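Everything below belongs to entry32.tsv, which stores TSV, C-alpha atoms and all ligand atoms.
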chain	number	residue	atom	x	y	z
A	4	MET	CA	-19.46	12.95	7.34
A	5	LYS	CA	-18.35	12.97	3.73
A	6	GLN	CA	-20.00	10.79	1.12
A	7	PRO	CA	-18.43	7.30	1.57
A	8	LEU	CA	-16.98	5.26	-1.29
A	9	ASP	CA	-19.46	3.00	-3.01
A	10	GLY	CA	-19.52	-0.78	-2.55
A	11	ARG	CA	-17.51	-1.45	-5.70
A	12	ALA	CA	-14.66	0.74	-4.49
A	13	LYS	CA	-14.65	-1.06	-1.13
A	14	ASP	CA	-14.65	-4.44	-2.90
A	15	LEU	CA	-11.79	-3.38	-5.15
A	16	ILE	CA	-9.59	-2.08	-2.36
A	17	PHE	CA	-10.51	-4.49	0.45
A	18	ARG	CA	-13.22	-7.12	0.22
A	19	GLU	CA	-12.21	-8.69	-3.08
A	20	ALA	CA	-8.53	-7.72	-3.09
A	21	ARG	CA	-6.27	-10.74	-2.66
A	22	SER	CA	-2.55	-11.36	-2.27
A	23	TYR	CA	-1.65	-12.94	-5.60
A	24	ASN	CA	0.90	-15.65	-6.37
A	25	ARG	CA	0.65	-15.74	-10.15
A	26	TRP	CA	0.08	-13.10	-12.82
A	27	ALA	CA	-1.57	-12.61	-16.19
A	28	ASP	CA	0.74	-11.68	-19.04
A	29	GLU	CA	-0.16	-8.00	-18.93
A	30	ASP	CA	2.37	-5.19	-18.71
A	31	ILE	CA	2.15	-2.20	-16.40
A	32	SER	CA	3.12	1.12	-17.94
A	33	ASP	CA	5.63	3.41	-16.27
A	34	GLN	CA	2.81	5.98	-16.21
A	35	THR	CA	0.72	3.69	-13.99
A	36	LEU	CA	3.67	3.22	-11.62
A	37	LYS	CA	3.95	7.00	-11.39
A	38	GLU	CA	0.24	7.22	-10.66
A	39	ILE	CA	0.63	4.85	-7.71
A	40	ILE	CA	3.16	7.20	-6.12
A	41	ASP	CA	1.11	10.23	-7.06
A	42	LEU	CA	-1.87	8.81	-5.17
A	43	MET	CA	-0.21	7.17	-2.16
A	44	LYS	CA	1.95	10.20	-1.47
A	45	TRP	CA	-1.00	11.89	0.25
A	46	GLY	CA	-1.21	9.31	3.04
A	47	PRO	CA	-0.08	10.70	6.40
A	48	THR	CA	3.32	10.15	8.05
A	49	SER	CA	4.59	11.59	11.32
A	50	ALA	CA	5.76	15.18	10.85
A	51	ASN	CA	5.22	14.43	7.14
A	52	CYS	CA	8.62	12.70	7.32
A	53	TRP	CA	7.95	10.54	4.21
A	54	PRO	CA	10.66	7.89	4.73
A	55	LEU	CA	9.48	5.51	1.97
A	56	ARG	CA	11.73	4.89	-1.02
A	57	VAL	CA	10.53	2.66	-3.85
A	58	VAL	CA	12.47	0.76	-6.49
A	59	PHE	CA	10.26	-0.63	-9.24
A	60	VAL	CA	12.00	-3.77	-10.48
A	61	LYS	CA	10.69	-4.21	-13.99
A	62	SER	CA	13.42	-5.24	-16.44
A	63	ASP	CA	14.76	-8.79	-16.67
A	64	GLU	CA	18.18	-7.45	-15.65
A	65	ALA	CA	16.81	-5.88	-12.46
A	66	LYS	CA	14.78	-9.01	-11.62
A	67	ALA	CA	17.93	-11.12	-12.04
A	68	ARG	CA	19.61	-8.95	-9.38
A	69	LEU	CA	16.71	-9.58	-7.00
A	70	LYS	CA	16.37	-13.31	-7.63
A	71	PRO	CA	19.27	-14.66	-5.52
A	72	HIS	CA	17.89	-12.92	-2.43
A	73	LEU	CA	14.35	-14.29	-2.60
A	74	GLY	CA	12.89	-16.94	-0.34
A	75	GLU	CA	12.44	-20.18	-2.29
A	76	GLY	CA	8.64	-19.98	-2.30
A	77	ASN	CA	8.70	-16.45	-3.69
A	78	VAL	CA	10.98	-16.92	-6.70
A	79	VAL	CA	8.34	-17.72	-9.34
A	80	LYS	CA	5.93	-15.21	-7.86
A	81	VAL	CA	8.49	-12.44	-8.26
A	82	MET	CA	10.11	-13.45	-11.52
A	83	THR	CA	6.77	-13.75	-13.34
A	84	ALA	CA	5.28	-10.50	-11.96
A	85	PRO	CA	5.22	-7.63	-14.46
A	86	VAL	CA	6.74	-5.40	-11.77
A	87	VAL	CA	7.99	-5.95	-8.23
A	88	ALA	CA	8.37	-2.93	-5.98
A	89	ILE	CA	11.04	-2.87	-3.29
A	90	LEU	CA	9.55	-0.78	-0.50
A	91	ALA	CA	12.41	0.62	1.53
A	92	TYR	CA	12.99	3.45	3.96
A	93	ASP	CA	15.53	6.23	4.10
A	94	THR	CA	17.44	6.00	7.38
A	95	LYS	CA	18.29	9.69	6.96
A	96	PHE	CA	14.71	10.76	6.31
A	97	PHE	CA	15.10	13.48	8.95
A	98	ASP	CA	17.41	15.51	6.70
A	99	ARG	CA	14.40	16.33	4.53
A	100	VAL	CA	12.08	17.29	7.38
A	101	PRO	CA	12.71	21.02	6.79
A	102	GLU	CA	11.60	20.56	3.18
A	103	PHE	CA	8.56	18.40	3.92
A	104	PHE	CA	7.47	20.04	7.16
A	105	PRO	CA	8.18	23.68	6.37
A	106	HIS	CA	5.97	25.14	9.05
A	107	ASN	CA	8.18	23.49	11.70
A	108	PRO	CA	11.65	22.74	10.32
A	109	GLY	CA	12.94	22.18	13.87
A	110	ALA	CA	11.05	18.88	13.88
A	111	ARG	CA	14.26	17.43	12.39
A	112	GLU	CA	15.74	17.55	15.92
A	113	TRP	CA	12.97	15.28	17.25
A	114	PHE	CA	14.41	12.46	15.20
A	115	ILE	CA	18.18	12.85	15.00
A	116	ASP	CA	19.09	12.60	18.68
A	117	ASP	CA	17.97	9.08	19.20
A	118	GLU	CA	18.94	6.16	16.91
A	119	ASN	CA	16.03	4.04	18.18
A	120	ASN	CA	13.54	6.80	17.65
A	121	HIS	CA	14.57	7.40	14.09
A	122	PHE	CA	14.69	3.70	13.21
A	123	GLU	CA	11.24	3.24	14.74
A	124	THR	CA	9.92	6.33	12.95
A	125	ALA	CA	11.31	5.25	9.58
A	126	PHE	CA	10.06	1.69	9.96
A	127	ARG	CA	6.62	2.64	11.27
A	128	ASN	CA	5.97	5.28	8.66
A	129	SER	CA	7.40	3.34	5.72
A	130	SER	CA	5.20	0.38	6.71
A	131	LEU	CA	2.18	2.68	6.74
A	132	GLN	CA	3.27	4.01	3.37
A	133	GLY	CA	3.58	0.44	2.11
A	134	ALA	CA	-0.09	0.01	2.97
A	135	TYR	CA	-1.00	3.27	1.25
A	136	PHE	CA	0.99	1.99	-1.73
A	137	MET	CA	-1.08	-1.21	-1.97
A	138	ILE	CA	-4.34	0.66	-1.49
A	139	ALA	CA	-3.36	3.10	-4.26
A	140	ALA	CA	-2.34	0.25	-6.59
A	141	ARG	CA	-5.64	-1.49	-5.96
A	142	ALA	CA	-7.58	1.73	-6.45
A	143	LEU	CA	-5.91	1.98	-9.87
A	144	GLY	CA	-7.09	-1.52	-10.74
A	145	LEU	CA	-3.85	-3.40	-10.09
A	146	ASP	CA	-3.37	-6.45	-7.92
A	147	CYS	CA	-0.65	-6.85	-5.30
A	148	GLY	CA	1.45	-9.67	-3.90
A	149	PRO	CA	3.27	-8.43	-0.78
A	150	MET	CA	6.24	-10.47	0.47
A	151	SER	CA	8.71	-10.32	3.32
A	152	GLY	CA	10.29	-13.67	2.46
A	153	PHE	CA	13.63	-12.43	1.14
A	154	ASN	CA	17.10	-11.81	2.47
A	155	GLN	CA	17.02	-8.18	3.54
A	156	ASP	CA	20.78	-7.79	3.85
A	157	GLY	CA	21.17	-9.27	0.39
A	158	VAL	CA	18.61	-6.91	-1.16
A	159	ASN	CA	20.07	-3.94	0.74
A	160	GLY	CA	23.59	-4.76	-0.47
A	161	GLU	CA	22.45	-5.21	-4.06
A	162	PHE	CA	20.12	-2.24	-4.42
A	163	PHE	CA	21.23	0.15	-1.67
A	164	PRO	CA	24.99	-0.40	-1.34
A	165	ASP	CA	25.71	2.87	0.47
A	166	GLY	CA	23.57	1.73	3.40
A	167	GLN	CA	21.28	4.76	3.57
A	168	TYR	CA	18.15	2.92	2.44
A	169	ARG	CA	16.92	-0.34	3.92
A	170	SER	CA	14.32	-2.68	2.50
A	171	ASN	CA	11.06	-3.20	4.39
A	172	PHE	CA	9.03	-5.51	2.12
A	173	ILE	CA	8.57	-6.21	-1.55
A	174	CYS	CA	5.33	-6.22	-3.52
A	175	GLY	CA	4.45	-7.84	-6.82
A	176	LEU	CA	2.19	-5.73	-9.05
A	177	GLY	CA	0.10	-6.86	-11.97
A	178	VAL	CA	-3.14	-8.56	-12.81
A	179	GLY	CA	-3.40	-11.54	-10.50
A	180	THR	CA	-4.70	-14.93	-11.62
A	181	ASN	CA	-6.39	-17.61	-9.54
A	182	GLU	CA	-3.49	-20.04	-9.99
A	183	LEU	CA	-2.24	-21.18	-6.57
A	184	LEU	CA	-4.65	-18.80	-4.90
A	185	PHE	CA	-5.87	-20.50	-1.74
A	186	GLU	CA	-9.29	-19.89	-0.24
A	187	ARG	CA	-9.62	-16.52	1.44
A	188	SER	CA	-8.42	-16.91	5.04
A	189	PRO	CA	-10.80	-15.85	7.79
A	190	ARG	CA	-10.52	-12.49	9.46
A	191	PRO	CA	-11.23	-11.93	13.14
A	192	ALA	CA	-14.54	-10.73	14.53
A	193	PHE	CA	-14.71	-7.19	15.80
A	194	GLU	CA	-14.96	-8.41	19.42
A	195	THR	CA	-11.72	-10.38	19.10
A	196	VAL	CA	-9.58	-7.49	17.99
A	197	ALA	CA	-11.32	-4.30	18.96
A	198	GLU	CA	-13.20	-2.70	21.76
A	199	ILE	CA	-15.02	0.54	22.21
A	200	LEU	CA	-14.51	2.10	25.60
A	301	LIG	C1	4.20	-7.75	4.78
A	301	LIG	C2	3.71	-9.02	4.13
A	301	LIG	C3	4.62	-10.04	3.90
A	301	LIG	C4	4.20	-11.22	3.26
A	301	LIG	N1	5.14	-12.14	2.91
A	301	LIG	C5	4.80	-13.16	2.10
A	301	LIG	C6	5.79	-14.02	1.55
A	301	LIG	O1	6.99	-13.87	1.78
A	301	LIG	N2	5.38	-15.02	0.72
A	301	LIG	C7	4.06	-15.21	0.41
A	301	LIG	O2	3.75	-16.13	-0.36
A	301	LIG	N3	3.10	-14.41	0.93
A	301	LIG	C8	3.43	-13.38	1.74
A	301	LIG	N4	2.47	-12.51	2.21
A	301	LIG	C9	1.04	-12.73	1.81
A	301	LIG	C10	0.14	-13.02	3.01
A	301	LIG	O3	0.22	-14.38	3.38
A	301	LIG	C11	-1.29	-12.63	2.60
A	301	LIG	O4	-1.31	-11.24	2.41
A	301	LIG	C12	-2.32	-13.01	3.66
A	301	LIG	O5	-2.39	-14.39	3.83
A	301	LIG	C13	-3.71	-12.50	3.27
A	301	LIG	O6	-4.07	-13.02	2.02
A	301	LIG	P1	-5.22	-12.31	1.15
A	301	LIG	O7	-4.77	-10.90	0.94
A	301	LIG	O8	-5.27	-13.07	-0.13
A	301	LIG	O9	-6.48	-12.39	1.93
A	301	LIG	C14	2.84	-11.36	2.88
A	301	LIG	C15	1.93	-10.34	3.16
A	301	LIG	C16	2.34	-9.18	3.76
A	301	LIG	C17	1.35	-8.06	3.98
Take the structure from the file and write it as structure tokens.
Amino acid sequence: MKQPLDGRAKDLIFREARSYNRWADEDISDQTLKEIIDLMKWGPTSANCWPLRVVFVKSDEAKARLKPHLGEGNVVKVMTAPVVAILAYDTKFFDRVPEFFPHNPGAREWFIDDENNHFETAFRNSSLQGAYFMIAARALGLDCGPMSGFNQDGVNGEFFPDGQYRSNFICGLGVGTNELLFERSPRPAFETVAEIL
């Protein structure tokens, strides 16, 4: 086995990482946003298909475009976040398989024949990439606030009008504060959710 991460790294990424509702008044540089992508990009996807597409909503103008599509309980959380990422997937991800999977460009055919298969592949892998995204952000010292409470069709129409990309979830990024942060919810015991056969 390789040398594991130390306890602080595990705390930062998992044990002490929370889903935040309110944010300190601290900007995130564009460089840091680039670093998130530069780190999370190494997480695995099937046939390296890399369906995730990210829109970092940072300016007041861009936030105003997002606002009408947010669930009521998420409006303040989004509008006060330094940055909110829209994590979406490319429904035509398979067109880039030859580029991203050069040792087997024919893998494109695995996906294009079957609408269900390529939806499932895009959704599964972009969801995984959303998790890599949050882990990378946390590893860089940022806090996250993931949300699925928004009108997907509304966000798709506003940000992806040609229909090729579809939103999966959105994620506030910043330095979280304890305001409106409820007690950490319990997590299941190993025996409840896992077994070793
Ligand atoms: C995909 C996803 C969607 C979520 N949607 C919302 C949401 O719309 N609004 C909200 O306030 N919290 C939302 N949450 C936050 C969860 O309730 C939170 O992550 C969970 O309770 C664990 O909290 P903790 O990370 O602080 O332990 C979402 C989380 C995830 C991962």
Within 6 Å of ligand LIG 301 (chain A) (counting only C-alpha atoms and all ligand atoms), which residues show up? I'd like them as a compact mmCIF listing (two decimals) with C-alpha atoms, in the frame of the given file.
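After the write, result.txt holds the following:
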# COMPACT_ATOMS: atom_id res chain seq x y z
CA ARG A 21 -6.27 -10.74 -2.66
CA SER A 22 -2.55 -11.36 -2.27
CA ASN A 77 8.70 -16.45 -3.69
CA PRO A 149 3.27 -8.43 -0.78
CA MET A 150 6.24 -10.47 0.47
CA SER A 151 8.71 -10.32 3.32
CA GLY A 152 10.29 -13.67 2.46
CA PHE A 172 9.03 -5.51 2.12
CA ARG A 187 -9.62 -16.52 1.44
CA SER A 188 -8.42 -16.91 5.04
Each residue of segment 123-158 of chain A lying at most 7 Å from segment 42-51 of chain A should get a row with its shortest atom-to-atom pair and the distance in Å to one decimal, counting only C-alpha atoms; could you produce that, ordered by chain and increasing number, as JSON lines?
{"residue": "A:Asn128", "atom": "CA", "partner": "A:Thr48", "partner_atom": "CA", "distance": 5.6}
{"residue": "A:Gln132", "atom": "CA", "partner": "A:Gly46", "partner_atom": "CA", "distance": 6.9}
{"residue": "A:Tyr135", "atom": "CA", "partner": "A:Met43", "partner_atom": "CA", "distance": 5.2}
{"residue": "A:Phe136", "atom": "CA", "partner": "A:Met43", "partner_atom": "CA", "distance": 5.3}
{"residue": "A:Ala139", "atom": "CA", "partner": "A:Met43", "partner_atom": "CA", "distance": 5.6}
Selected residues written out, C-alpha atoms, as a PDB file, keeping the file's coordinate frame:
ATOM      1  CA  ASN A 128       5.970   5.280   8.660  1.00  0.00           C
ATOM      2  CA  GLN A 132       3.270   4.010   3.370  1.00  0.00           C
ATOM      3  CA  TYR A 135      -1.000   3.270   1.250  1.00  0.00           C
ATOM      4  CA  PHE A 136       0.990   1.990  -1.730  1.00  0.00           C
ATOM      5  CA  ALA A 139      -3.360   3.100  -4.260  1.00  0.00           C
TER       6      ALA A 139
END
Taking all atoms listed in the file into account, name the residue in A:Met4, A:Cys52, A:Val60, A:Ala140 that is nearest to Val100 of chain A. A:Cys52
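In this model, the gap between atom CA of Gly157 of chain A and atom CA of Leu69 of chain A comes to 8.6 Å.
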Residue nearest Asp165 of chain A - candidates A:Lys95, A:Ile89, A:Thr83, A:Asp30, atoms counted: all atoms listed in the file: A:Lys95
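Distances from A:Asp156, A:Asp9, A:Glu186, A:Glu38 to Arg169 of chain A were compared using only C-alpha atoms, and the smallest one belongs to A:Asp156.
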In Å and to one decimal, atom CA of Phe126 of chain A is distant from atom CA of Ala110 of chain A by 17.7 Å
Quick one: of A:Met137, A:Ile173, A:Val158, A:Ile115, who's nearest to Val81 of chain A, counting only C-alpha atoms? A:Ile173
Might you pull out every residue within 6 Å of Asp146 of chain A, with all atoms listed in the file counted and same-chain residues fewer than 3 positions away left off, and present them as a list in words? Arg141, Leu176, Gly177, Val178 and Gly179 of chain A
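Compared by their closest atoms to Leu145 of chain A, and using all atoms listed in the file, the residues A:Ala67, A:Ala197, A:Ile39, A:Ala192 rank with A:Ile39 nearest.
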Compare A:Phe96, A:Arg11, A:Val87, A:Phe163 by their minimum atom-to-atom distance to Phe122 of chain A, counting only C-alpha atoms, and give me the closest one. A:Phe96
